[in-house]
>>> print(open('coords-v8.cif').read())   # mmCIF, C-alpha atoms
data_data
#
loop_
_atom_site.label_atom_id
_atom_site.label_comp_id
_atom_site.auth_asym_id
_atom_site.auth_seq_id
_atom_site.Cartn_x
_atom_site.Cartn_y
_atom_site.Cartn_z
CA MET A 1 48.94 15.29 14.50
CA LYS A 2 47.14 12.00 13.97
CA LEU A 3 48.21 10.85 17.41
CA THR A 4 46.73 14.00 18.94
CA MET A 5 43.42 13.48 17.14
CA ILE A 6 43.28 9.82 18.19
CA GLY A 7 43.97 10.90 21.76
CA ALA A 8 41.18 13.48 21.55
CA VAL A 9 38.73 10.87 20.23
CA LEU A 10 39.62 8.49 23.06
CA LEU A 11 39.30 11.28 25.61
CA GLN A 12 35.85 12.22 24.29
CA LEU A 13 34.74 8.58 24.40
CA LEU A 14 35.98 8.30 27.98
CA LEU A 15 34.09 11.47 28.89
CA ALA A 16 30.97 10.09 27.20
CA SER A 17 31.20 6.90 29.23
CA LEU A 18 31.45 8.83 32.51
CA THR A 19 28.68 11.39 31.97
CA GLN A 20 24.98 11.48 31.16
CA GLY A 21 22.62 13.79 29.34
CA LEU A 22 23.77 16.72 27.25
CA PRO A 23 27.50 16.47 28.14
CA ARG A 24 27.47 12.83 27.02
CA SER A 25 25.75 13.69 23.74
CA LEU A 26 28.23 16.50 23.06
CA ALA A 27 31.18 14.24 23.84
CA GLU A 28 29.85 11.56 21.46
CA LEU A 29 29.25 14.13 18.74
CA THR A 30 32.73 15.59 19.18
CA ALA A 31 34.31 12.13 19.05
CA PHE A 32 32.41 11.36 15.83
CA VAL A 33 33.39 14.64 14.18
CA LEU A 34 37.04 14.19 15.16
CA LEU A 35 37.01 10.64 13.81
CA VAL A 36 35.55 11.79 10.49
CA ALA A 37 38.16 14.56 10.29
CA LEU A 38 40.91 12.02 11.01
CA VAL A 39 39.68 9.68 8.28
CA LEU A 40 39.33 12.50 5.75
CA SER A 41 42.78 13.90 6.56
CA GLY A 42 44.28 10.46 5.98
CA ALA A 43 42.50 9.91 2.67
CA LYS A 44 44.86 10.28 -0.24
CA PRO A 45 43.55 12.15 -3.26
CA LYS A 46 43.24 9.96 -6.34
CA PRO A 47 45.80 10.68 -9.03
CA ASN A 48 44.51 12.73 -11.91
CA ALA A 49 43.76 10.53 -14.95
CA HIS A 50 44.50 13.32 -17.42
CA HIS A 51 47.85 13.09 -19.19
#
>>> encode(input="coords-v8.cif", output="structure tokens")
Amino acid sequence: MKLTMIGAVLLQLLLASLTQGLPRSLAELTAFVLLVALVLSGAKPKPNAHH
């Protein structure tokens, strides 16, 4: 799943580099949102300190 998301981010960045205007902005926004989702999905929850 992570590989798919990384591929999607790279594809959006490629699209952003090839276009201008609104499509470019949307591609950049999508790449950013996918990157944030990837980072958050990889974040491990901290162990609970309660015993």
>>> residues_around(input="coords-v8.cif", residues="Ala31 of chain A", least_positions_apart="6", cutoff="8 Å", atoms="only C-alpha atoms", output="short mmCIF file (atom, residue, chain, number, x, y, z; two decimals) with C-alpha atoms, in the coordinates of the input")
data_model
loop_
_atom_site.label_atom_id
_atom_site.label_comp_id
_atom_site.auth_asym_id
_atom_site.auth_seq_id
_atom_site.Cartn_x
_atom_site.Cartn_y
_atom_site.Cartn_z
CA ALA A 8 41.18 13.48 21.55
CA VAL A 9 38.73 10.87 20.23
CA LEU A 10 39.62 8.49 23.06
CA GLN A 12 35.85 12.22 24.29
CA LEU A 13 34.74 8.58 24.40
#
>>> closest_residue(input="coords-v8.cif", among="A:Leu34, A:Ser41, A:Pro47, A:Leu22", to="Gly7 of chain A", atoms="all atoms listed in the file")
A:Leu34
>>> atom_distance(input="coords-v8.cif", atom1="atom CA of Thr4 of chain A", atom2="atom CA of Lys44 of chain A")
19.6 Å
>>> closest_residue(input="coords-v8.cif", among="A:Asn48, A:Leu14, A:Met5, A:Pro23", to="Leu35 of chain A", atoms="only C-alpha atoms")
A:Met5
>>> atom_distance(input="coords-v8.cif", atom1="atom CA of Glu28 of chain A", atom2="atom CA of Leu11 of chain A")
10.3 Å
>>> atom_distance(input="coords-v8.cif", atom1="atom CA of Leu18 of chain A", atom2="atom CA of Phe32 of chain A")
16.9 Å
>>> closest_residue(input="coords-v8.cif", among="A:Ser25, A:Leu3, A:Gln20, A:Leu15", to="Leu38 of chain A", atoms="only C-alpha atoms")
A:Leu3
>>> axis_aligned_box(input="coords-v8.cif", around="segment 8-13 of chain A", padding_each_side="6 Å", output="lines of an AutoDock Vina configuration file")
center_x = 38.0
center_y = 11.0
center_z = 22.9
size_x = 18.4
size_y = 17.0
size_z = 17.4
